[in-house]
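Q: mmCIF, C-alpha atoms, file data_31.cif:
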data_final
loop_
_atom_site.label_atom_id
_atom_site.label_comp_id
_atom_site.auth_asym_id
_atom_site.auth_seq_id
_atom_site.Cartn_x
_atom_site.Cartn_y
_atom_site.Cartn_z
CA MET A 4 -10.44 20.11 16.62
CA SER A 5 -10.19 22.25 13.54
CA ALA A 6 -12.58 22.37 10.60
CA SER A 7 -10.35 20.31 8.34
CA ALA A 8 -10.12 17.53 10.93
CA VAL A 9 -13.92 17.55 11.23
CA VAL A 10 -14.18 17.28 7.44
CA PHE A 11 -11.76 14.34 7.46
CA TYR A 12 -13.67 12.40 10.12
CA MET A 13 -16.98 13.03 8.38
CA LEU A 14 -15.52 11.82 5.07
CA ALA A 15 -14.07 8.76 6.79
CA PHE A 16 -17.41 7.92 8.39
CA PHE A 17 -19.18 8.40 5.05
CA ILE A 18 -16.74 6.17 3.17
CA LEU A 19 -16.84 3.37 5.74
CA ALA A 20 -20.62 3.47 6.27
CA THR A 21 -21.43 3.36 2.55
CA GLY A 22 -18.74 0.73 1.95
CA LEU A 23 -20.25 -1.45 4.67
CA LEU A 24 -23.71 -1.01 3.16
CA ALA A 25 -22.28 -1.91 -0.27
CA VAL A 26 -21.03 -5.27 0.95
CA THR A 27 -24.04 -6.10 3.12
CA SER A 28 -27.06 -4.89 1.11
CA ARG A 29 -29.26 -7.72 -0.13
CA LYS A 30 -30.38 -5.96 -3.29
CA ILE A 31 -27.62 -5.94 -5.88
CA PHE A 32 -28.60 -2.64 -7.49
CA ARG A 33 -28.61 -0.84 -4.14
CA SER A 34 -25.26 -2.39 -3.44
CA ALA A 35 -23.88 -0.85 -6.65
CA ILE A 36 -25.29 2.56 -5.71
CA TRP A 37 -23.72 2.38 -2.23
CA LEU A 38 -20.42 1.51 -3.90
CA LEU A 39 -20.83 4.63 -6.04
CA PHE A 40 -21.25 6.76 -2.90
CA SER A 41 -18.24 5.16 -1.28
CA LEU A 42 -16.04 5.83 -4.32
CA THR A 43 -17.25 9.44 -4.44
CA GLY A 44 -16.33 9.79 -0.77
CA ILE A 45 -12.84 8.51 -1.56
CA ALA A 46 -12.59 11.16 -4.28
CA GLY A 47 -13.53 13.69 -1.61
CA LEU A 48 -10.75 12.33 0.58
CA TYR A 49 -8.29 12.96 -2.27
CA PHE A 50 -9.60 16.51 -2.54
CA TRP A 51 -9.07 16.87 1.20
CA LEU A 52 -5.46 15.69 0.72
CA GLN A 53 -5.08 18.39 -2.00
CA MET A 54 -4.51 15.81 -4.74
CA GLU A 55 -6.95 17.31 -7.20
CA PHE A 56 -5.75 15.36 -10.23
CA ILE A 57 -6.10 12.00 -8.49
CA ALA A 58 -9.57 13.00 -7.31
CA ALA A 59 -10.57 13.89 -10.87
CA VAL A 60 -9.20 10.59 -12.20
CA GLN A 61 -11.04 8.75 -9.42
CA ILE A 62 -14.33 10.36 -10.39
CA VAL A 63 -13.83 9.88 -14.13
CA VAL A 64 -12.58 6.28 -14.05
CA TYR A 65 -14.31 4.75 -11.04
CA VAL A 66 -17.56 6.67 -10.73
CA GLY A 67 -18.00 7.33 -14.43
CA GLY A 68 -16.54 4.13 -15.80
CA ILE A 69 -16.40 1.13 -13.53
CA VAL A 70 -19.64 1.67 -11.62
CA VAL A 71 -21.53 2.29 -14.85
CA LEU A 72 -20.02 -0.91 -16.27
CA ILE A 73 -21.09 -2.81 -13.14
CA ILE A 74 -24.63 -1.43 -13.39
CA PHE A 75 -24.80 -2.44 -17.07
CA SER A 76 -23.67 -5.94 -16.25
CA ILE A 77 -26.25 -6.17 -13.44
CA PHE A 78 -28.97 -5.34 -15.93
CA LEU A 79 -27.56 -7.81 -18.46
CA THR A 80 -27.28 -10.72 -16.08
CA GLN A 81 -30.11 -10.71 -13.58
CA GLN A 82 -33.39 -9.31 -12.36
CA SER A 83 -32.26 -6.38 -10.26
CA GLY A 84 -35.42 -6.25 -8.15
CA LYS A 85 -34.90 -9.67 -6.61
CA ASP A 86 -33.02 -10.16 -3.36
CA LEU A 87 -29.71 -11.92 -3.49
CA PRO A 88 -29.74 -15.39 -1.94
CA ALA A 89 -28.83 -15.37 1.73
CA PRO A 90 -25.22 -16.22 2.52
CA VAL A 91 -24.32 -19.69 3.74
CA ARG A 92 -25.37 -20.23 7.35
CA GLY A 93 -22.72 -19.16 9.83
CA ARG A 94 -20.41 -17.72 7.22
CA PRO A 95 -21.13 -14.03 7.98
CA VAL A 96 -20.38 -14.58 11.67
CA VAL A 97 -17.12 -16.40 11.02
CA SER A 98 -15.94 -13.92 8.40
CA ALA A 99 -16.91 -10.93 10.59
CA LEU A 100 -14.84 -12.41 13.41
CA LEU A 101 -11.88 -13.03 11.10
CA VAL A 102 -12.11 -9.54 9.60
CA CYS A 103 -12.34 -7.88 13.03
CA ALA A 104 -9.33 -9.87 14.21
CA GLY A 105 -7.36 -8.77 11.16
CA PHE A 106 -8.38 -5.15 11.63
CA VAL A 107 -7.44 -5.12 15.31
CA LEU A 108 -4.07 -6.71 14.51
CA THR A 109 -3.39 -4.12 11.78
CA CYS A 110 -4.35 -1.24 14.10
CA LEU A 111 -2.09 -2.52 16.88
CA LEU A 112 0.81 -2.76 14.44
CA LEU A 113 0.07 0.73 13.09
CA ARG A 114 0.03 2.25 16.57
CA GLN A 115 3.48 0.88 17.36
CA TYR A 116 5.17 2.43 14.36
CA ALA A 117 6.22 6.07 14.47
CA PHE A 118 5.89 7.60 11.02
CA ARG A 119 8.43 10.28 10.21
CA PRO A 120 8.74 12.31 7.01
CA MET A 121 11.66 11.10 4.91
CA GLY A 122 12.11 13.72 2.18
CA GLN A 123 15.09 16.04 1.93
CA SER A 124 13.09 19.24 1.86
CA VAL A 125 11.27 18.46 5.11
CA ALA A 126 14.30 18.76 7.33
CA GLY A 127 14.88 22.36 6.31
CA ALA A 128 11.31 23.50 5.78
CA GLY A 129 9.92 22.24 9.07
CA ALA A 130 7.02 19.95 9.72
CA GLY A 131 4.40 22.59 8.99
CA ASN A 132 5.17 22.74 5.29
CA MET A 133 3.44 20.00 3.29
CA GLY A 134 4.75 20.95 -0.12
CA VAL A 135 3.70 18.34 -2.63
CA ASP A 136 3.60 19.91 -6.07
CA ALA A 137 0.89 17.66 -7.47
CA SER A 138 -0.16 20.00 -10.24
CA VAL A 139 -1.18 18.47 -13.54
CA GLY A 140 1.78 20.00 -15.37
CA ASN A 141 4.26 18.56 -12.91
CA ILE A 142 2.66 15.11 -13.02
CA GLY A 143 2.58 15.13 -16.82
CA ALA A 144 6.19 16.29 -17.14
CA GLN A 145 7.43 13.54 -14.86
CA MET A 146 5.20 10.87 -16.37
CA LEU A 147 6.46 11.46 -19.91
CA SER A 148 10.06 12.18 -19.03
CA THR A 149 12.80 9.80 -20.20
CA SER A 150 15.26 10.86 -17.50
CA GLU A 151 16.05 8.98 -14.31
CA HIS A 152 12.77 9.44 -12.41
CA GLY A 153 10.55 9.43 -15.49
CA TYR A 154 7.65 7.06 -15.92
CA ILE A 155 7.54 6.80 -19.71
CA LEU A 156 8.14 3.01 -19.81
CA PRO A 157 5.32 2.10 -17.35
CA PHE A 158 3.10 4.56 -19.20
CA GLU A 159 3.67 2.78 -22.52
CA VAL A 160 3.30 -0.65 -20.91
CA ILE A 161 -0.03 0.44 -19.41
CA SER A 162 -1.24 1.60 -22.81
CA ILE A 163 -0.36 -1.80 -24.31
CA LEU A 164 -2.15 -3.46 -21.37
CA LEU A 165 -5.29 -1.40 -21.96
CA LEU A 166 -5.25 -2.33 -25.66
CA ALA A 167 -4.82 -6.01 -24.77
CA ALA A 168 -7.65 -5.80 -22.22
CA MET A 169 -9.92 -4.17 -24.80
CA ILE A 170 -9.27 -6.86 -27.41
CA GLY A 171 -9.53 -9.55 -24.75
CA CYS A 172 -12.95 -8.31 -23.65
CA ILE A 173 -14.23 -8.43 -27.22
CA VAL A 174 -12.86 -11.94 -27.74
CA ILE A 175 -14.25 -13.26 -24.44
CA ALA A 176 -17.70 -11.72 -24.70
CA ILE A 177 -18.25 -12.33 -28.42
CA LYS A 178 -21.32 -14.40 -29.20
CA VAL A 179 -20.61 -17.73 -30.84
CA LYS A 180 -23.11 -18.48 -33.60
CA PRO A 181 -25.08 -21.69 -33.01
CA GLU A 182 -23.95 -23.36 -36.25
CA GLU A 183 -20.30 -22.95 -35.32
CA LYS A 184 -20.69 -24.82 -32.03
CA MET B 11 -4.80 18.78 7.39
CA ASN B 12 -1.84 18.84 9.74
CA GLN B 13 -4.05 18.17 12.72
CA VAL B 14 -4.95 14.69 11.47
CA PRO B 15 -2.09 12.23 12.01
CA LEU B 16 -1.11 9.83 9.26
CA SER B 17 -2.15 6.84 11.35
CA HIS B 18 -5.82 7.93 11.28
CA ILE B 19 -5.84 7.88 7.48
CA LEU B 20 -4.22 4.44 7.62
CA PHE B 21 -6.92 3.28 10.07
CA VAL B 22 -9.57 4.36 7.57
CA SER B 23 -7.91 2.55 4.69
CA ALA B 24 -7.36 -0.58 6.81
CA ALA B 25 -11.04 -0.54 7.77
CA LEU B 26 -12.01 -0.16 4.10
CA PHE B 27 -9.71 -3.06 3.17
CA PHE B 28 -11.29 -5.33 5.76
CA ILE B 29 -14.80 -4.30 4.70
CA GLY B 30 -13.84 -5.45 1.20
CA MET B 31 -12.47 -8.71 2.66
CA TYR B 32 -15.77 -9.25 4.49
CA GLY B 33 -17.60 -8.82 1.18
CA LEU B 34 -15.29 -11.30 -0.54
CA PHE B 35 -15.88 -13.86 2.21
CA THR B 36 -19.66 -13.59 2.40
CA ARG B 37 -20.83 -12.83 -1.14
CA ARG B 38 -21.34 -15.54 -3.72
CA ASN B 39 -22.53 -13.38 -6.58
CA MET B 40 -19.64 -12.55 -8.92
CA ILE B 41 -20.60 -8.92 -9.50
CA THR B 42 -20.74 -8.18 -5.78
CA MET B 43 -17.40 -9.92 -5.32
CA LEU B 44 -16.00 -7.62 -8.02
CA MET B 45 -17.34 -4.63 -6.05
CA SER B 46 -15.49 -5.87 -2.97
CA VAL B 47 -12.29 -6.09 -4.99
CA GLU B 48 -12.79 -2.48 -6.08
CA LEU B 49 -13.09 -1.41 -2.43
CA ILE B 50 -9.84 -3.22 -1.60
CA LEU B 51 -8.01 -1.55 -4.51
CA ASN B 52 -9.29 1.84 -3.37
CA SER B 53 -8.01 1.32 0.16
CA VAL B 54 -4.56 0.62 -1.30
CA ASN B 55 -4.78 3.84 -3.33
CA ILE B 56 -5.61 5.86 -0.20
CA ASN B 57 -2.51 4.41 1.45
CA PHE B 58 -0.26 5.37 -1.47
CA VAL B 59 -1.54 8.95 -1.62
CA ALA B 60 -1.34 9.42 2.16
CA PHE B 61 2.22 8.10 2.35
CA ASN B 62 3.21 10.35 -0.54
CA LYS B 63 1.65 13.35 1.15
CA TYR B 64 2.95 12.81 4.67
CA LEU B 65 6.27 10.95 4.38
CA TYR B 66 7.74 11.99 1.02
CA PRO B 67 6.40 15.49 0.40
CA ASP B 68 9.02 16.34 -2.23
CA LYS B 69 8.29 13.38 -4.51
CA LEU B 70 5.36 12.18 -6.65
CA GLU B 71 5.88 8.42 -6.62
CA GLY B 72 2.69 7.64 -4.68
CA VAL B 73 0.65 9.63 -7.18
CA PHE B 74 2.06 7.63 -10.09
CA PHE B 75 1.44 4.31 -8.38
CA THR B 76 -2.14 5.39 -7.70
CA LEU B 77 -2.68 6.37 -11.32
CA PHE B 78 -1.30 3.06 -12.60
CA ILE B 79 -3.39 1.10 -10.09
CA ILE B 80 -6.52 2.93 -11.25
CA ALA B 81 -5.70 2.12 -14.89
CA ILE B 82 -5.09 -1.56 -14.12
CA ALA B 83 -8.28 -1.71 -12.01
CA ALA B 84 -10.26 -0.39 -14.96
CA ALA B 85 -8.78 -3.03 -17.29
CA GLU B 86 -9.39 -5.72 -14.68
CA ALA B 87 -13.02 -4.71 -14.18
CA ALA B 88 -13.66 -4.73 -17.93
CA VAL B 89 -12.15 -8.21 -18.40
CA ALA B 90 -13.94 -9.54 -15.31
CA ILE B 91 -17.30 -8.29 -16.56
CA ALA B 92 -16.69 -9.84 -19.99
CA ILE B 93 -15.97 -13.16 -18.27
CA ILE B 94 -19.08 -12.80 -16.08
CA ILE B 95 -21.30 -12.16 -19.10
CA ASN B 96 -19.81 -15.13 -20.94
CA LEU B 97 -20.34 -17.32 -17.87
CA TYR B 98 -23.94 -16.13 -17.60
CA ARG B 99 -24.58 -17.24 -21.18
CA ASN B 100 -23.31 -20.73 -20.44
CA PHE B 101 -24.61 -21.38 -16.90
CA HIS B 102 -27.53 -18.87 -16.68
CA SER B 103 -26.26 -17.85 -13.26
CA ILE B 104 -23.41 -15.76 -11.92
CA ASP B 105 -23.19 -17.54 -8.60
CA VAL B 106 -19.65 -18.76 -8.06
CA GLU B 107 -20.91 -22.12 -6.83
CA ALA B 108 -22.85 -22.70 -10.05
CA ALA B 109 -19.69 -22.45 -12.14
CA ASP B 110 -18.11 -25.77 -11.26
CA GLU B 111 -16.79 -26.79 -14.68
CA MET B 112 -13.81 -25.25 -16.38
CA LYS B 113 -14.63 -26.48 -19.87
CA PHE B 114 -18.02 -27.06 -21.42
#
Kindly transcribe the structure held in the file into structure tokens.
A:
Amino acid sequence: MSASAVVFYMLAFFILATGLLAVTSRKIFRSAIWLLFSLTGIAGLYFWLQMEFIAAVQIVVYVGGIVVLIIFSIFLTQQSGKDLPAPVRGRPVVSALLVCAGFVLTCLLLRQYAFRPMGQSVAGAGAGNMGVDASVGNIGAQMLSTSEHGYILPFEVISILLLAAMIGCIVIAIKVKPEEK
Amino acid sequence: MNQVPLSHILFVSAALFFIGMYGLFTRRNMITMLMSVELILNSVNINFVAFNKYLYPDKLEGVFFTLFIIAIAAAEAAVAIAIIINLYRNFHSIDVEAADEMKF
């Protein structure tokens, strides 16, 4: 087993262990912190896959944005020192059984399928060459290109969506004055 | 990274997806349910990047889908937290079973 495989299995163990702690911890603030570790581990997995830009976006948006937002909302809505109420009796057992059944089914299906590279360059270059050019310049050029494989339309739609979400958040969370009620 | 087969990465993302499902089934607090949804979205992102890397090494489509999913997840989390805070003002609880009226 080479060093990179060892790194992958350690990252996988880290992601799954912290993810499991994030959904089972009884203190909500600890749960948010475990989620932060899990998301950082996923960023590490992207680094391991040599997708540096995705890893950077993952850290900036998830770790820096969403987790901080979740922690703010925890402080705004409840006492973070208190334990969460225990789940309904029997529900963890039933859902663990269901989830394990689903996972086993997915793994059996995955084992049956033989994945083969589909790109044109692979046939000539051989299986040893994993040549994704995921540099920032290449991603930016394709994202803003108006030619056949350009992503300018989804990019603009996403920017409208973000604007709509921003205005929507303000409208939803705005405080109604008592005399207007 | 050639020593690790694609199916092992898919096992990891499937496990992460089902961990998120377990959280959605057992939690009743809205913020923790939102965390489970984030785990599920991340498992999907891992799948996209791994397929892009292993099966279509001359294209970038998986990267773009991942970027758009991250942007939509950010918008979704912001709107969800605004709704949660508004709900907390009206019901003084963010337990899903406390919110049993749609209009107040």
Q: Could you list, as a VMD selection string, every residue of chain B that has an atom within 6 Å of an atom of chain A, counting all atoms listed in the file?
A: chain B and resid 11 14 28 33 36 65 to 68 85 89 92 96
Q: Excluding Val59 in chain B and its own-chain neighbours fewer than 6 positions away, which residues fall within 8 Å of it when counting all atoms listed in the file? Please give them as an mmCIF file with C-alpha atoms, keeping the file's coordinate frame.
A:
data_model
loop_
_atom_site.group_PDB
_atom_site.id
_atom_site.type_symbol
_atom_site.label_atom_id
_atom_site.label_comp_id
_atom_site.auth_asym_id
_atom_site.auth_seq_id
_atom_site.Cartn_x
_atom_site.Cartn_y
_atom_site.Cartn_z
ATOM 1 C CA TYR A 49 -8.290 12.960 -2.270
ATOM 2 C CA GLY B 72 2.690 7.640 -4.680
ATOM 3 C CA VAL B 73 0.650 9.630 -7.180
ATOM 4 C CA THR B 76 -2.140 5.390 -7.700
#
Q: With distances taken over all atoms listed in the file, which residue among A:Leu108, A:Val139, A:Arg92, A:Phe78 lies nearest Ala59 in chain A?
A: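 Answer, going by the shortest atom-to-atom distance: A:Val139.
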Q: One decimal, in Å: what's the spacing between CA of Ile50 in chain B and CA of Gly30 in chain B?
A: 5.4 Å
Q: Would you compute the distance between CA of Val179 in chain A and CA of Ile163 in chain A? Give it in Å to one decimal.
A: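 CA of Ile163 in chain A lies 26.6 Å from CA of Val179 in chain A.
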Q: Expressed in Å to a single decimal, how great is the separation between CA of Ser17 in chain B and CA of Met31 in chain B?
A: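 Going from CA of Ser17 in chain B over to CA of Met31 in chain B, I get 20.6 Å.
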Q: At a cut-off of 10 Å, using all atoms listed in the file, what residues contact Met43 in chain B? Leave out same-chain residues fewer than 3 positions from it and give the result as a list in words.
A: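 In the requested form, the answer reads Val26 of chain A; Gly30, Met31, Tyr32, Gly33, Leu34, Phe35, Thr36, Arg37, Arg38, Asn39, Met40, Ser46, Val47, Glu48, Leu49 and Val106 of chain B.
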Q: Evaluating the PyMOL selection byres ((chain B and resi 100) around 12) on the displayed file yields which residues, as a PyMOL selection string?
A: (chain A and resi 80+176+178-179) or (chain B and resi 93-99+101-104+108-114)
Q: Restricting the calculation to all atoms listed in the file: of B:Lys63, B:Val54, B:Leu20, B:Ile91, which residue gets closest to Leu77 in chain B?
A: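 Of the candidates, the smallest distance to Leu77 in chain B is held by B:Val54.
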Q: My list of candidates is A:Glu159, A:Gln115, A:Gly153, A:Ile62. Which is closest to Lys69 in chain B when distances are computed with only C-alpha atoms?
A: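 Of A:Glu159, A:Gln115, A:Gly153, A:Ile62, the one nearest Lys69 in chain B is A:Gly153, counting only C-alpha atoms.
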Q: Got a sec to write range 61-95 of chain B of the block to a file, N, CA and C atoms, as a CSV table (one decimal), in the first residue's frame?
A:
chain,number,residue,atom,x,y,z
B,61,PHE,N,-15.9,11.1,-10.1
B,61,PHE,CA,-16.3,10.6,-11.4
B,61,PHE,C,-15.5,11.5,-12.5
B,62,ASN,N,-15.5,12.8,-12.2
B,62,ASN,CA,-14.7,13.6,-13.2
B,62,ASN,C,-13.3,13.2,-13.3
B,63,LYS,N,-12.7,12.9,-12.1
B,63,LYS,CA,-11.3,12.6,-12.1
B,63,LYS,C,-11.0,11.2,-12.7
B,64,TYR,N,-11.8,10.2,-12.4
B,64,TYR,CA,-11.5,8.9,-12.8
B,64,TYR,C,-12.0,8.5,-14.2
B,65,LEU,N,-13.3,9.0,-14.5
B,65,LEU,CA,-13.9,8.5,-15.7
B,65,LEU,C,-13.8,9.4,-16.9
B,66,TYR,N,-13.8,10.7,-16.6
B,66,TYR,CA,-13.7,11.7,-17.7
B,66,TYR,C,-12.6,12.6,-17.5
B,67,PRO,N,-11.3,12.1,-17.6
B,67,PRO,CA,-10.2,13.0,-17.2
B,67,PRO,C,-9.9,14.1,-18.2
B,68,ASP,N,-10.6,14.2,-19.3
B,68,ASP,CA,-10.3,15.3,-20.2
B,68,ASP,C,-11.4,16.3,-20.2
B,69,LYS,N,-12.3,16.2,-19.2
B,69,LYS,CA,-13.4,17.2,-19.2
B,69,LYS,C,-13.4,17.8,-17.8
B,70,LEU,N,-14.2,18.9,-17.6
B,70,LEU,CA,-14.3,19.6,-16.3
B,70,LEU,C,-15.7,19.6,-15.8
B,71,GLU,N,-16.6,18.8,-16.4
B,71,GLU,CA,-18.1,19.0,-16.0
B,71,GLU,C,-18.3,18.7,-14.5
B,72,GLY,N,-17.7,17.7,-14.0
B,72,GLY,CA,-17.9,17.4,-12.6
B,72,GLY,C,-17.5,18.6,-11.7
B,73,VAL,N,-16.4,19.3,-12.0
B,73,VAL,CA,-16.0,20.4,-11.3
B,73,VAL,C,-17.1,21.5,-11.3
B,74,PHE,N,-17.7,21.7,-12.5
B,74,PHE,CA,-18.7,22.8,-12.5
B,74,PHE,C,-19.9,22.4,-11.8
B,75,PHE,N,-20.3,21.2,-11.8
B,75,PHE,CA,-21.5,20.8,-11.1
B,75,PHE,C,-21.2,20.9,-9.6
B,76,THR,N,-20.0,20.6,-9.1
B,76,THR,CA,-19.7,20.7,-7.7
B,76,THR,C,-19.7,22.2,-7.3
B,77,LEU,N,-19.2,23.1,-8.2
B,77,LEU,CA,-19.2,24.5,-7.8
B,77,LEU,C,-20.6,25.0,-7.7
B,78,PHE,N,-21.5,24.6,-8.7
B,78,PHE,CA,-22.9,25.1,-8.6
B,78,PHE,C,-23.6,24.6,-7.4
B,79,ILE,N,-23.3,23.3,-7.1
B,79,ILE,CA,-24.0,22.7,-5.9
B,79,ILE,C,-23.5,23.4,-4.6
B,80,ILE,N,-22.3,23.8,-4.6
B,80,ILE,CA,-21.8,24.5,-3.4
B,80,ILE,C,-22.5,25.9,-3.3
B,81,ALA,N,-22.6,26.6,-4.4
B,81,ALA,CA,-23.3,27.9,-4.4
B,81,ALA,C,-24.8,27.7,-4.0
B,82,ILE,N,-25.5,26.7,-4.5
B,82,ILE,CA,-26.9,26.5,-4.1
B,82,ILE,C,-27.0,26.1,-2.7
B,83,ALA,N,-26.0,25.3,-2.2
B,83,ALA,CA,-26.1,24.9,-0.8
B,83,ALA,C,-25.9,26.1,0.1
B,84,ALA,N,-25.1,27.0,-0.3
B,84,ALA,CA,-24.9,28.2,0.5
B,84,ALA,C,-26.2,29.0,0.6
B,85,ALA,N,-26.8,29.2,-0.6
B,85,ALA,CA,-28.1,30.0,-0.6
B,85,ALA,C,-29.2,29.3,0.2
B,86,GLU,N,-29.2,27.9,0.1
B,86,GLU,CA,-30.2,27.1,0.8
B,86,GLU,C,-30.0,27.2,2.3
B,87,ALA,N,-28.7,27.2,2.8
B,87,ALA,CA,-28.5,27.3,4.2
B,87,ALA,C,-28.9,28.6,4.7
B,88,ALA,N,-28.6,29.7,4.0
B,88,ALA,CA,-28.9,31.1,4.4
B,88,ALA,C,-30.5,31.2,4.6
B,89,VAL,N,-31.2,30.7,3.5
B,89,VAL,CA,-32.7,30.8,3.6
B,89,VAL,C,-33.2,30.0,4.8
B,90,ALA,N,-32.7,28.8,4.9
B,90,ALA,CA,-33.1,27.9,6.0
B,90,ALA,C,-32.9,28.5,7.3
B,91,ILE,N,-31.8,29.2,7.5
B,91,ILE,CA,-31.5,29.7,8.8
B,91,ILE,C,-32.4,30.9,9.1
B,92,ALA,N,-32.7,31.7,8.0
B,92,ALA,CA,-33.7,32.8,8.2
B,92,ALA,C,-35.0,32.3,8.6
B,93,ILE,N,-35.4,31.2,8.0
B,93,ILE,CA,-36.7,30.6,8.4
B,93,ILE,C,-36.7,30.1,9.8
B,94,ILE,N,-35.6,29.5,10.2
B,94,ILE,CA,-35.5,28.9,11.5
B,94,ILE,C,-35.6,30.0,12.6
B,95,ILE,N,-34.9,31.2,12.3
B,95,ILE,CA,-34.9,32.3,13.2
B,95,ILE,C,-36.3,32.9,13.3
